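A quick write-up on the structure given underneath.
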Amino acid sequence: MKIEFTKGHGTHNDFVLVADPKDELDLDGELVRRLTDRRGGIGADGVIRLAPTASVAAAGEEIADEILAEEPAAIWFMDYRNADGSVAEMCGNGVRVFAAFAERLGYASFGADRGRGRGESGLALGTRAGVKRVRKESNGWYAVDMGPWSLPGGDEARDAGYDAGVVVHGWDAPRPGLSVDLGNPHTVVALSSLDELERLDLTTAPEVAPPPPHGTNVELVVPLGDERAPSGEPAGRIRMRVHERGVGETQSCGTGACAAALAVRAWQGDTAPDTWFVEIPGGEVRVRALRDGHVELAGPAELVFTGTLTV
Ligand SMILES: N[C@@H](CCC[C@H](N)C(=O)O)C(=O)O
């Protein structure tokens, strides 16, 4: 079988993208691992299959029926898999790269800053975490309305600032972590210095207690202070590293950037800004807590090369 693929990345969180408009590809775990293998395959943190939302519904995934009922224009679905073959509900960097891929294929078109309001965006797509809407900014960045977010530990966790204990390899005691749900699970831990962030050993997965039922992505974050966004609004800046569920340490994680900004915003309390710049090893993204309980993620998306793989 020949697979036509495109390699892309969002702040160096990299993906193999496959267009499957007729729903012909059986993307099982073994094939995902072959595609993402950095020595024996193409190499990536994950695989994104662009498929008809209707075919995902026909395959029995109820979320796809809900998507089409909510947004009939969301005819394309981001079928996302982690490098280890596991299915993940959501990928924030992946949505931006999916938008660039759909644009190249002629399935989406974006005018600069088109679709600022929800419901008139350049692209509405289906994901396992619901409908996501994407617009393109004048600087070429894609901005995604990531939908609602929550603190699974509720008010109690927000007031305490944590609801989990996290041990990174080399730590002799757990540190407090705050769980944040972006459709996929995250646990955010604050560190006291950039030096400590740089020295972290993320070659093995951090241990989180109590163990989240479906695992978790873990973000280690250092607040860097306040500034003004180019628009003049107050903004915060943080730096983070991430260990992703189903992958390992990556250069960036879009949902993780949202989780980290939202956790630091919760820790800062009522005076915290809504806009955050998040530095990751692979670049920088912008996160904005929207008034309606949604969160927006903005950043670059690059399509790097295309090819054909025989499997
Ligand atoms: N890198 C992605 C997140 C991908 C899924 C994650 N590893 C999980 O299992 O939840 C992003 O940019 O959000």
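Chain labels follow the order of the structure tokens: the first chain is A, the next B, and so on; residue numbering restarts at 1 in every chain, and ligands are counted from 1 in their shown order.
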
Around ligand 1, out to 9 Å and counting only C-alpha atoms and all ligand atoms, which residues are there? I want them as a VMD selection string. chain A and resid 10 13 to 14 45 to 46 80 to 83 86 to 96 182 to 186 215 to 217 243 to 248 250 to 258

Would you save the residues from that selection as a compact mmCIF listing (two decimals), in the first residue's frame, using N, CA and C atoms?
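Once everything was written out, this is selection.txt:
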# COMPACT_ATOMS: atom_id res chain seq x y z
N GLY A 10 3.86 22.38 14.40
CA GLY A 10 3.45 23.63 15.04
C GLY A 10 4.40 23.86 16.20
N ASN A 13 6.32 20.76 17.31
CA ASN A 13 5.53 19.57 17.69
C ASN A 13 5.12 18.99 16.33
N ASP A 14 5.74 17.84 15.95
CA ASP A 14 5.64 17.45 14.53
C ASP A 14 4.70 16.27 14.28
N ASP A 45 5.77 13.25 16.34
CA ASP A 45 5.16 13.09 17.67
C ASP A 45 3.76 12.47 17.56
N GLY A 46 3.15 12.59 16.35
CA GLY A 46 1.81 12.07 16.20
C GLY A 46 1.42 11.98 14.74
N TYR A 80 -6.67 12.08 15.42
CA TYR A 80 -5.32 12.27 15.95
C TYR A 80 -4.83 11.03 16.72
N ARG A 81 -3.60 10.62 16.46
CA ARG A 81 -2.98 9.52 17.22
C ARG A 81 -1.62 9.97 17.74
N ASN A 82 -1.32 9.60 18.99
CA ASN A 82 0.02 9.80 19.54
C ASN A 82 1.03 8.84 18.90
N ALA A 83 2.31 9.16 19.04
CA ALA A 83 3.36 8.35 18.41
C ALA A 83 3.33 6.88 18.84
N SER A 86 -1.60 5.39 20.50
CA SER A 86 -2.83 5.65 21.26
C SER A 86 -3.62 6.80 20.64
N VAL A 87 -4.93 6.73 20.84
CA VAL A 87 -5.83 7.79 20.36
C VAL A 87 -5.89 8.88 21.43
N ALA A 88 -5.74 10.14 21.02
CA ALA A 88 -5.92 11.24 21.98
C ALA A 88 -7.11 12.08 21.54
N GLU A 89 -7.78 12.65 22.53
CA GLU A 89 -8.99 13.41 22.25
C GLU A 89 -8.70 14.69 21.47
N MET A 90 -7.53 15.27 21.73
CA MET A 90 -7.32 16.63 21.24
C MET A 90 -5.83 16.90 21.07
N CYS A 91 -5.49 17.78 20.13
CA CYS A 91 -4.12 18.24 19.95
C CYS A 91 -4.18 19.67 19.44
N GLY A 92 -3.74 20.61 20.27
CA GLY A 92 -3.87 22.03 19.93
C GLY A 92 -2.95 22.44 18.79
N ASN A 93 -1.69 22.04 18.85
CA ASN A 93 -0.80 22.34 17.72
C ASN A 93 -1.28 21.62 16.47
N GLY A 94 -1.81 20.41 16.68
CA GLY A 94 -2.31 19.62 15.56
C GLY A 94 -3.45 20.31 14.83
N VAL A 95 -4.33 20.98 15.56
CA VAL A 95 -5.46 21.66 14.91
C VAL A 95 -4.94 22.75 13.97
N ARG A 96 -3.92 23.49 14.41
CA ARG A 96 -3.38 24.55 13.54
C ARG A 96 -2.75 23.95 12.28
N LEU A 182 -8.53 20.08 28.97
CA LEU A 182 -8.69 20.80 27.70
C LEU A 182 -9.38 19.90 26.67
N GLY A 183 -10.15 18.94 27.16
CA GLY A 183 -10.64 17.88 26.28
C GLY A 183 -9.71 16.69 26.42
N ASN A 184 -8.43 16.95 26.61
CA ASN A 184 -7.46 15.93 27.03
C ASN A 184 -6.88 16.36 28.39
N PRO A 185 -6.28 15.42 29.12
CA PRO A 185 -5.90 15.71 30.51
C PRO A 185 -4.49 16.30 30.66
N HIS A 186 -4.37 17.25 31.58
CA HIS A 186 -3.09 17.90 31.87
C HIS A 186 -2.92 18.05 33.37
N GLY A 215 -4.51 8.65 32.29
CA GLY A 215 -3.16 9.20 32.14
C GLY A 215 -3.23 10.71 32.05
N THR A 216 -2.07 11.35 31.87
CA THR A 216 -2.06 12.81 31.79
C THR A 216 -0.81 13.29 31.06
N ASN A 217 -0.90 14.47 30.48
CA ASN A 217 0.26 15.21 30.00
C ASN A 217 0.72 16.06 31.19
N HIS A 243 5.94 16.85 29.20
CA HIS A 243 6.02 15.42 28.92
C HIS A 243 4.64 14.99 28.49
N GLU A 244 4.54 14.56 27.21
CA GLU A 244 3.22 14.22 26.67
C GLU A 244 2.87 12.75 26.85
N ARG A 245 1.65 12.53 27.27
CA ARG A 245 1.09 11.18 27.31
C ARG A 245 1.20 10.56 25.90
N GLY A 246 1.69 9.35 25.83
CA GLY A 246 1.74 8.66 24.54
C GLY A 246 2.86 9.08 23.63
N VAL A 247 3.75 9.98 24.10
CA VAL A 247 4.84 10.45 23.24
C VAL A 247 6.17 10.52 24.00
N GLY A 248 6.20 11.28 25.11
CA GLY A 248 7.46 11.60 25.81
C GLY A 248 7.63 13.10 25.80
N THR A 250 8.17 16.56 24.32
CA THR A 250 8.07 17.15 22.98
C THR A 250 8.54 18.61 23.05
N GLN A 251 8.73 19.19 21.88
CA GLN A 251 9.21 20.57 21.79
C GLN A 251 8.10 21.58 22.08
N SER A 252 6.86 21.11 22.06
CA SER A 252 5.72 22.00 22.26
C SER A 252 4.46 21.16 22.41
N CYS A 253 3.48 21.72 23.11
CA CYS A 253 2.17 21.07 23.22
C CYS A 253 1.14 22.20 23.33
N GLY A 254 0.24 22.29 22.36
CA GLY A 254 -0.70 23.41 22.34
C GLY A 254 -1.71 23.35 23.47
N THR A 255 -2.30 22.17 23.67
CA THR A 255 -3.23 22.05 24.80
C THR A 255 -2.47 22.23 26.11
N GLY A 256 -1.21 21.77 26.13
CA GLY A 256 -0.38 21.94 27.33
C GLY A 256 -0.09 23.41 27.61
N ALA A 257 0.14 24.20 26.55
CA ALA A 257 0.37 25.64 26.73
C ALA A 257 -0.87 26.29 27.32
N CYS A 258 -2.05 25.87 26.81
CA CYS A 258 -3.30 26.41 27.36
C CYS A 258 -3.43 26.03 28.84

Residues of stretch 81-242 of chain A in strand (DSSP E or B), written as number ranges by chain: A: 81-82, 87, 112, 123-127, 130-136, 142-148, 150, 164-167, 175-181, 185-190, 207-209, 217-228, 234-242

Give me a file of those residues, with C-alpha atoms, as a PDB file, in the first residue's frame.
ATOM      1  CA  ARG A  81      -2.978   9.517  17.216  1.00  0.00           C
ATOM      2  CA  ASN A  82       0.025   9.802  19.545  1.00  0.00           C
ATOM      3  CA  VAL A  87      -5.830   7.793  20.364  1.00  0.00           C
ATOM      4  CA  ALA A 112      -6.451  37.520   7.144  1.00  0.00           C
ATOM      5  CA  LEU A 123     -12.593  26.485   9.259  1.00  0.00           C
ATOM      6  CA  ALA A 124     -14.783  24.496  11.621  1.00  0.00           C
ATOM      7  CA  LEU A 125     -13.493  20.976  12.123  1.00  0.00           C
ATOM      8  CA  GLY A 126     -14.446  17.964  14.165  1.00  0.00           C
ATOM      9  CA  THR A 127     -12.226  16.474  16.872  1.00  0.00           C
ATOM     10  CA  GLY A 130     -15.840  18.555  19.861  1.00  0.00           C
ATOM     11  CA  VAL A 131     -15.976  21.287  17.206  1.00  0.00           C
ATOM     12  CA  LYS A 132     -12.939  23.594  16.924  1.00  0.00           C
ATOM     13  CA  ARG A 133     -13.023  26.843  14.959  1.00  0.00           C
ATOM     14  CA  VAL A 134      -9.942  28.312  13.341  1.00  0.00           C
ATOM     15  CA  ARG A 135      -9.208  31.757  11.919  1.00  0.00           C
ATOM     16  CA  LYS A 136      -5.985  33.109  10.444  1.00  0.00           C
ATOM     17  CA  TYR A 142      -3.699  30.310  13.089  1.00  0.00           C
ATOM     18  CA  ALA A 143      -5.930  31.062  16.090  1.00  0.00           C
ATOM     19  CA  VAL A 144      -8.083  28.229  17.394  1.00  0.00           C
ATOM     20  CA  ASP A 145     -11.091  28.534  19.659  1.00  0.00           C
ATOM     21  CA  MET A 146     -10.276  25.480  21.760  1.00  0.00           C
ATOM     22  CA  GLY A 147     -13.714  25.490  23.410  1.00  0.00           C
ATOM     23  CA  PRO A 148     -14.453  25.152  27.110  1.00  0.00           C
ATOM     24  CA  SER A 150     -12.177  23.140  33.293  1.00  0.00           C
ATOM     25  CA  ALA A 164      -2.268  16.170  42.590  1.00  0.00           C
ATOM     26  CA  GLY A 165       1.258  15.276  43.617  1.00  0.00           C
ATOM     27  CA  VAL A 166       3.876  15.028  40.877  1.00  0.00           C
ATOM     28  CA  VAL A 167       7.319  13.418  40.977  1.00  0.00           C
ATOM     29  CA  ARG A 175       5.347  18.645  44.286  1.00  0.00           C
ATOM     30  CA  PRO A 176       1.845  20.124  43.977  1.00  0.00           C
ATOM     31  CA  GLY A 177       0.190  19.889  40.571  1.00  0.00           C
ATOM     32  CA  LEU A 178      -3.087  21.314  39.256  1.00  0.00           C
ATOM     33  CA  SER A 179      -5.225  19.234  36.870  1.00  0.00           C
ATOM     34  CA  VAL A 180      -6.615  21.087  33.849  1.00  0.00           C
ATOM     35  CA  ASP A 181      -8.987  19.560  31.290  1.00  0.00           C
ATOM     36  CA  PRO A 185      -5.901  15.706  30.509  1.00  0.00           C
ATOM     37  CA  HIS A 186      -3.088  17.896  31.867  1.00  0.00           C
ATOM     38  CA  THR A 187      -1.307  18.356  35.198  1.00  0.00           C
ATOM     39  CA  VAL A 188       0.629  21.587  35.703  1.00  0.00           C
ATOM     40  CA  VAL A 189       3.489  22.042  38.187  1.00  0.00           C
ATOM     41  CA  ALA A 190       5.164  25.381  39.013  1.00  0.00           C
ATOM     42  CA  GLU A 207       4.570  10.058  38.334  1.00  0.00           C
ATOM     43  CA  VAL A 208       1.245  11.651  39.199  1.00  0.00           C
ATOM     44  CA  ALA A 209      -0.845  10.791  42.274  1.00  0.00           C
ATOM     45  CA  ASN A 217       0.261  15.212  30.003  1.00  0.00           C
ATOM     46  CA  VAL A 218       2.526  17.000  32.506  1.00  0.00           C
ATOM     47  CA  GLU A 219       3.595  20.645  32.114  1.00  0.00           C
ATOM     48  CA  LEU A 220       6.445  22.139  34.168  1.00  0.00           C
ATOM     49  CA  VAL A 221       6.176  25.903  34.187  1.00  0.00           C
ATOM     50  CA  VAL A 222       8.037  29.016  35.331  1.00  0.00           C
ATOM     51  CA  PRO A 223       6.158  32.360  35.440  1.00  0.00           C
ATOM     52  CA  LEU A 224       8.309  35.103  33.876  1.00  0.00           C
ATOM     53  CA  GLY A 225       6.286  38.217  34.760  1.00  0.00           C
ATOM     54  CA  ASP A 226       3.823  40.613  33.165  1.00  0.00           C
ATOM     55  CA  GLU A 227       4.027  42.697  29.988  1.00  0.00           C
ATOM     56  CA  ARG A 228       1.799  44.331  27.363  1.00  0.00           C
ATOM     57  CA  PRO A 234      -1.991  43.282  29.835  1.00  0.00           C
ATOM     58  CA  ALA A 235      -0.360  39.905  29.322  1.00  0.00           C
ATOM     59  CA  GLY A 236       1.609  37.346  31.260  1.00  0.00           C
ATOM     60  CA  ARG A 237       4.599  35.336  30.080  1.00  0.00           C
ATOM     61  CA  ILE A 238       5.592  31.829  31.109  1.00  0.00           C
ATOM     62  CA  ARG A 239       8.102  29.224  29.974  1.00  0.00           C
ATOM     63  CA  MET A 240       7.323  25.525  30.051  1.00  0.00           C
ATOM     64  CA  ARG A 241       8.494  22.064  29.200  1.00  0.00           C
ATOM     65  CA  VAL A 242       6.110  19.188  28.671  1.00  0.00           C
TER      66      VAL A 242
END

Helix (DSSP H, G or I) positions in stretch 89-201 of chain A, given as a list in words: Gly92, Asn93, Gly94, Val95, Arg96, Val97, Phe98, Ala99, Ala100, Phe101, Ala102, Glu103, Arg104, Leu105, Gly154, Asp155, Glu156, Ala157, Arg158, Asp159, Ala160, Leu194, Asp195, Glu196, Leu197, Glu198 and Arg199 of chain A

Would you mind reading off the distance between atom CA of A:Arg34 and atom CA of A:Ala108, one decimal, in Å?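 So the two atoms, atom CA of A:Arg34 and atom CA of A:Ala108, lie 29.1 Å apart.
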
When you count only C-alpha atoms, which of these residues is closest to A:Ala100: A:Asp37, A:Glu156, A:Glu302, A:Asp201? A:Glu302
